[in-house]
Amino acid sequence: MIYKLAVEDFLERYRKERPLLFDARSPSEHAHAHIPGAVSFPLLNDAQRQEVGITYKQKGKEAAVIKGFDLVGGQFGDFVRKAKSFFNENAKLREVSREQPRVFLYCWRGGLRSNIMAWVLSMAGFEVILLKDGYKAYRNLMLNILEKPKKMVILGGKTGSGKTEMLTHLRNAGEQTVCLETLANHRGSAFGALGMEPQPRNEHFENLLAEEWEKVNDDSIVWIENESQSIGSVVIPKKFFEKMRNAPVVEMVLDKPARIQRIIDEYGQFPVEELIDKTKKIEQRLGGLRTHTAIEALQIGDFTTWVDEMLHYYDKAYQHGIDSRAKESVLQVEVNEKDFTDAHAKKIIEAARTMDDRPLAIEQSPSSATEGPSSKA
């Protein structure tokens with residue numbers, strides 16, 4: 001059996017059941033961006049897709065369809081065996097699908113590729129749920145979700161203040177949080193890729209962000225860590241970033257020695273050669289003398305001096321971003337301890353509650369809506 005569902009119904013059922021979700025587009029399309037949780041299950045590989053596209057341009061749709069069948073007709077059995085192998089290896093999927101294996105499926109527009117794959121799998125006994133209008137419909141929905149206003153509060157603080165850790169404490173206290181750095185697989189600085197998995201493509205980052213944004217309850221505040229618009233290689237969508245710039249800020253204030261030690265604890269574990277390489281990459285912003293001093297400190301194992309030199313740049317950049325906000329939209333909270341507890345999170349939460357009647361930050365023009373290059377070392 002084959003069923004077609006509009007994107008909202010498709011996602012609601014998929015999220016409830018968590019069955020197999022197949023992406024019938026080419027591997028490169030999947031790698032660029034996809035519905036989170038989808039498995040790449042291409043009808044055409046990249047080379048075959050290109051060949052069909054050329055045929056379409058030169059000879060028209062009918063010839064392209066025939067070319068597609070010529071290329072993949074002999075692989076139908078492989079598609080079925082591959083799909084069944086997922087179920088044979090996963091008891092949970094078998095339980096969800098009960099007697100008849102069920103797959104959710106989409107391609108780019110919900111057209112030929114997903115319909116062919118759905119026909120093949122249905123003939124082999126699968127129940128197939130097709131996404132009407134394909135990934136394109138999903139993508140449009142995600143972009144619309146990112147436009148929705150929420151009660152956003154920014155968790156600020158200079159480099160090394162422990163904002164990401166505090167987000168965890170806030171979440172444990174029952175607060176809503178969205179961690180942009182987790183979604184981006186990057187700590188948001190020149191050193192932020194160290195020890196992290198490869199970053200998603202920008203479009204997929206936006207999909208992941210929209211999925212999290214959709215979960216946020218409109219009636220309660222949501223905490224987001226202060227970030228520059230670029231987090232490594234990904235970029236926060238412009239309108240979303242403008243909302244961040246216009247949201248109130250609870251700024252964690254931690255003394256410099258504690259911040260330095262936090263940074264050493266986080267980055268001191270990495271090879272010195274990698275730290276030197278990353279330091280060299282910000283020489284233009286750090287300055288030649290400070291870069292030289294920082295590298296010399298790393299070479300002799302003096303991490304305190306290295307971090308101190310880094311902070312001359314990062315603190316200045318952060319302060320520039322804070323100063324460009326309306327003063328009444330920023331509330332400082334002292335958290336002068338290296339190790340956070342639930343009590344510190346409670347202090348942050350109580351501070352946010354006092355800001356309910358404060359005006360939001362003044363509207364920023366796109367050119368002024370910057371927070372500096374990073375919130376971390």
# chains A, B, ... in the order shown; residues from 1 in each chain; ligands from 1
>>> select_by_dssp(residues="stretch 71-136 of chain A", states="alpha helix (DSSP H)", output="ChimeraX atom specification")
/A:71-72,76-88,91-97,112-123,134-136
>>> residues_around(residues="A:Ala118", least_positions_apart="4", cutoff="9 Å", atoms="only C-alpha atoms", output="list of chain:residue names")
A:Met1, A:Ile2, A:Leu105, A:Arg113, A:Ser114, A:Ser122, A:Met123, A:Phe126, A:Glu127, A:Val128, A:Ile129, A:Leu130
>>> residues_around(residues="stretch 290-305 of chain A", least_positions_apart="2", cutoff="9 Å", atoms="only C-alpha atoms", output="PyMOL selection string")
chain A and resi 257+260-261+264+268+272-273+275-276+279-280+282-284+286-288+307-310+312
>>> write_last_selection(atoms="N, CA and C atoms", output="mmCIF file, in the first residue's frame")
data_model
loop_
_atom_site.group_PDB
_atom_site.id
_atom_site.type_symbol
_atom_site.label_atom_id
_atom_site.label_comp_id
_atom_site.auth_asym_id
_atom_site.auth_seq_id
_atom_site.Cartn_x
_atom_site.Cartn_y
_atom_site.Cartn_z
ATOM 1 N N PRO A 257 40.585 35.149 36.217
ATOM 2 C CA PRO A 257 41.318 33.906 36.539
ATOM 3 C C PRO A 257 40.461 32.652 36.393
ATOM 4 N N ILE A 260 40.017 31.966 32.680
ATOM 5 C CA ILE A 260 41.249 31.408 32.110
ATOM 6 C C ILE A 260 41.361 29.922 32.425
ATOM 7 N N GLN A 261 41.063 29.559 33.665
ATOM 8 C CA GLN A 261 41.174 28.158 34.051
ATOM 9 C C GLN A 261 40.155 27.296 33.311
ATOM 10 N N ILE A 264 41.540 26.690 29.872
ATOM 11 C CA ILE A 264 42.633 25.714 29.927
ATOM 12 C C ILE A 264 42.082 24.304 30.086
ATOM 13 N N GLY A 268 43.272 22.739 26.877
ATOM 14 C CA GLY A 268 44.630 22.313 27.191
ATOM 15 C C GLY A 268 44.909 20.862 26.871
ATOM 16 N N VAL A 272 49.660 20.679 21.277
ATOM 17 C CA VAL A 272 50.149 22.051 21.197
ATOM 18 C C VAL A 272 50.259 22.508 19.751
ATOM 19 N N GLU A 273 50.643 21.604 18.858
ATOM 20 C CA GLU A 273 50.791 21.969 17.445
ATOM 21 C C GLU A 273 49.468 22.462 16.857
ATOM 22 N N LEU A 275 46.990 23.849 18.597
ATOM 23 C CA LEU A 275 46.690 25.137 19.220
ATOM 24 C C LEU A 275 47.510 26.259 18.579
ATOM 25 N N ILE A 276 48.754 25.957 18.264
ATOM 26 C CA ILE A 276 49.610 26.952 17.592
ATOM 27 C C ILE A 276 49.051 27.279 16.215
ATOM 28 N N THR A 279 46.067 29.451 16.562
ATOM 29 C CA THR A 279 46.468 30.785 17.013
ATOM 30 C C THR A 279 46.984 31.621 15.848
ATOM 31 N N LYS A 280 47.767 30.995 14.981
ATOM 32 C CA LYS A 280 48.309 31.703 13.818
ATOM 33 C C LYS A 280 47.198 32.210 12.902
ATOM 34 N N ILE A 282 44.448 33.569 13.613
ATOM 35 C CA ILE A 282 43.810 34.822 14.032
ATOM 36 C C ILE A 282 44.861 35.915 14.286
ATOM 37 N N GLU A 283 46.055 35.748 13.704
ATOM 38 C CA GLU A 283 47.125 36.717 13.930
ATOM 39 C C GLU A 283 46.715 38.125 13.498
ATOM 40 N N GLN A 284 45.991 38.222 12.407
ATOM 41 C CA GLN A 284 45.603 39.540 11.919
ATOM 42 C C GLN A 284 44.722 40.269 12.925
ATOM 43 N N LEU A 286 44.588 39.356 16.276
ATOM 44 C CA LEU A 286 45.261 39.372 17.572
ATOM 45 C C LEU A 286 46.425 40.349 17.594
ATOM 46 N N GLY A 287 47.090 40.501 16.459
ATOM 47 C CA GLY A 287 48.275 41.356 16.397
ATOM 48 C C GLY A 287 49.537 40.503 16.431
ATOM 49 N N GLY A 288 50.561 40.978 15.746
ATOM 50 C CA GLY A 288 51.791 40.203 15.626
ATOM 51 C C GLY A 288 52.472 39.922 16.942
ATOM 52 N N VAL A 307 46.268 31.851 27.093
ATOM 53 C CA VAL A 307 44.857 32.252 27.186
ATOM 54 C C VAL A 307 44.731 33.745 27.448
ATOM 55 N N ASP A 308 45.590 34.276 28.308
ATOM 56 C CA ASP A 308 45.530 35.697 28.635
ATOM 57 C C ASP A 308 45.715 36.550 27.378
ATOM 58 N N GLU A 309 46.628 36.161 26.513
ATOM 59 C CA GLU A 309 46.842 36.892 25.263
ATOM 60 C C GLU A 309 45.620 36.770 24.352
ATOM 61 N N MET A 310 45.032 35.588 24.294
ATOM 62 C CA MET A 310 43.825 35.403 23.484
ATOM 63 C C MET A 310 42.686 36.308 23.964
ATOM 64 N N HIS A 312 42.679 39.197 25.253
ATOM 65 C CA HIS A 312 42.770 40.604 24.873
ATOM 66 C C HIS A 312 41.913 40.861 23.642
#
>>> residues_around(residues="A:Met117", least_positions_apart="6", cutoff="9 Å", atoms="only C-alpha atoms", output="ChimeraX atom specification")
/A:24,42-43,76,79,105
>>> write_last_selection(atoms="N, CA and C atoms", output="mmCIF file, in the first residue's frame")
data_model
loop_
_atom_site.group_PDB
_atom_site.id
_atom_site.type_symbol
_atom_site.label_atom_id
_atom_site.label_comp_id
_atom_site.auth_asym_id
_atom_site.auth_seq_id
_atom_site.Cartn_x
_atom_site.Cartn_y
_atom_site.Cartn_z
ATOM 1 N N ALA A 24 15.075 9.359 -1.049
ATOM 2 C CA ALA A 24 15.319 8.764 -2.364
ATOM 3 C C ALA A 24 16.121 9.672 -3.292
ATOM 4 N N PRO A 42 19.074 6.268 -2.214
ATOM 5 C CA PRO A 42 18.897 6.907 -3.526
ATOM 6 C C PRO A 42 18.381 5.969 -4.606
ATOM 7 N N LEU A 43 17.452 6.482 -5.389
ATOM 8 C CA LEU A 43 17.045 5.761 -6.584
ATOM 9 C C LEU A 43 18.150 5.873 -7.635
ATOM 10 N N PHE A 76 16.193 -3.009 -8.891
ATOM 11 C CA PHE A 76 14.991 -3.059 -8.052
ATOM 12 C C PHE A 76 15.116 -4.112 -6.950
ATOM 13 N N PHE A 79 17.208 -2.811 -4.152
ATOM 14 C CA PHE A 79 16.490 -1.860 -3.302
ATOM 15 C C PHE A 79 15.668 -2.606 -2.242
ATOM 16 N N LEU A 105 9.000 7.910 3.043
ATOM 17 C CA LEU A 105 9.827 8.098 1.863
ATOM 18 C C LEU A 105 9.603 9.480 1.258
#
>>> closest_residue(among="A:Thr164, A:Gln199, A:Gln48, A:Asn144", to="A:Pro237", atoms="only C-alpha atoms")
A:Asn144
>>> atom_distance(atom1="atom CA of A:Ser324", atom2="atom CA of A:Leu311")
19.6 Å
>>> atom_distance(atom1="atom CA of A:Cys107", atom2="atom CA of A:Arg25")
5.1 Å
>>> residues_around(residues="stretch 65-68 of chain A", least_positions_apart="6", cutoff="9 Å", atoms="only C-alpha atoms", output="list of chain:residue names")
A:Leu44, A:Gln48, A:Arg49, A:Glu51, A:Val52, A:Thr55, A:Tyr56, A:Leu112
>>> select_by_dssp(residues="stretch 135-329 of chain A", states="strand (DSSP E or B)", output="PyMOL selection string")
chain A and resi 151-157+176-178+221-225+230-231+234-235+249-253
>>> atom_distance(atom1="atom CA of A:Val103", atom2="atom CA of A:Ala33")
19.7 Å
>>> residues_around(residues="A:Phe22", least_positions_apart="2", cutoff="8 Å", atoms="only C-alpha atoms", output="VMD selection string")
chain A and resid 20 24 38 to 41 103 to 106
>>> write_last_selection(atoms="N, CA and C atoms", output="tab-separated table (two decimals), in the first residue's frame")
chain	number	residue	atom	x	y	z
A	20	LEU	N	11.37	3.81	9.74
A	20	LEU	CA	12.42	4.12	8.79
A	20	LEU	C	11.99	5.29	7.91
A	24	ALA	N	15.08	9.36	-1.05
A	24	ALA	CA	15.32	8.76	-2.36
A	24	ALA	C	16.12	9.67	-3.29
A	38	ALA	N	16.65	10.91	8.47
A	38	ALA	CA	16.47	10.20	7.20
A	38	ALA	C	17.73	9.42	6.82
A	39	VAL	N	17.52	8.26	6.22
A	39	VAL	CA	18.59	7.42	5.71
A	39	VAL	C	18.70	7.65	4.20
A	40	SER	N	19.91	7.83	3.72
A	40	SER	CA	20.10	7.98	2.27
A	40	SER	C	19.76	6.67	1.57
A	41	PHE	N	18.78	6.71	0.69
A	41	PHE	CA	18.30	5.52	-0.02
A	41	PHE	C	18.02	5.93	-1.46
A	103	VAL	N	7.72	2.05	5.71
A	103	VAL	CA	8.77	3.04	5.50
A	103	VAL	C	8.14	4.38	5.12
A	104	PHE	N	8.77	5.44	5.56
A	104	PHE	CA	8.42	6.78	5.12
A	104	PHE	C	9.44	7.17	4.06
A	105	LEU	N	9.00	7.91	3.04
A	105	LEU	CA	9.83	8.10	1.86
A	105	LEU	C	9.60	9.48	1.26
A	106	TYR	N	10.69	10.07	0.76
A	106	TYR	CA	10.55	11.34	0.05
A	106	TYR	C	11.67	11.50	-0.97
>>> residues_around(residues="stretch 195-197 of chain A", least_positions_apart="3", cutoff="12 Å", atoms="only C-alpha atoms", output="CSV table (one decimal) with C-alpha atoms, in the first residue's frame")
chain,number,residue,atom,x,y,z
A,181,GLU,CA,26.9,25.2,19.2
A,182,THR,CA,25.6,21.6,19.6
A,183,LEU,CA,23.6,21.9,16.4
A,184,ALA,CA,26.6,23.4,14.6
A,185,ASN,CA,29.2,20.9,15.9
A,186,HIS,CA,31.4,23.9,16.8
A,187,ARG,CA,32.2,25.9,19.9
A,188,GLY,CA,32.0,29.2,18.0
A,191,PHE,CA,39.5,26.9,18.2
A,192,GLY,CA,35.9,25.7,18.1
A,200,PRO,CA,26.7,20.1,8.9
A,232,GLY,CA,32.5,28.0,12.3
A,266,GLU,CA,38.6,22.7,27.8
A,267,TYR,CA,41.5,23.3,25.4
A,268,GLY,CA,44.6,22.3,27.2
A,269,GLN,CA,44.0,18.7,26.3
A,270,PHE,CA,44.6,19.2,22.6
A,271,PRO,CA,48.1,18.9,20.9
A,274,GLU,CA,47.1,22.3,16.8
A,275,LEU,CA,46.7,25.1,19.2
>>> closest_residue(among="A:Asn88, A:Thr354, A:Ser28, A:Asn172", to="A:Ala47", atoms="only C-alpha atoms")
A:Ser28
>>> closest_residue(among="A:Leu131, A:Arg81, A:Asn226, A:Asp219", to="A:Leu180", atoms="only C-alpha atoms")
A:Asn226
>>> closest_residue(among="A:Glu8, A:Gln100, A:Gly37, A:Gln176", to="A:Phe87", atoms="only C-alpha atoms")
A:Gln100
>>> closest_residue(among="A:Met166, A:Glu225, A:Leu146, A:Ile231", to="A:Cys179", atoms="only C-alpha atoms")
A:Glu225
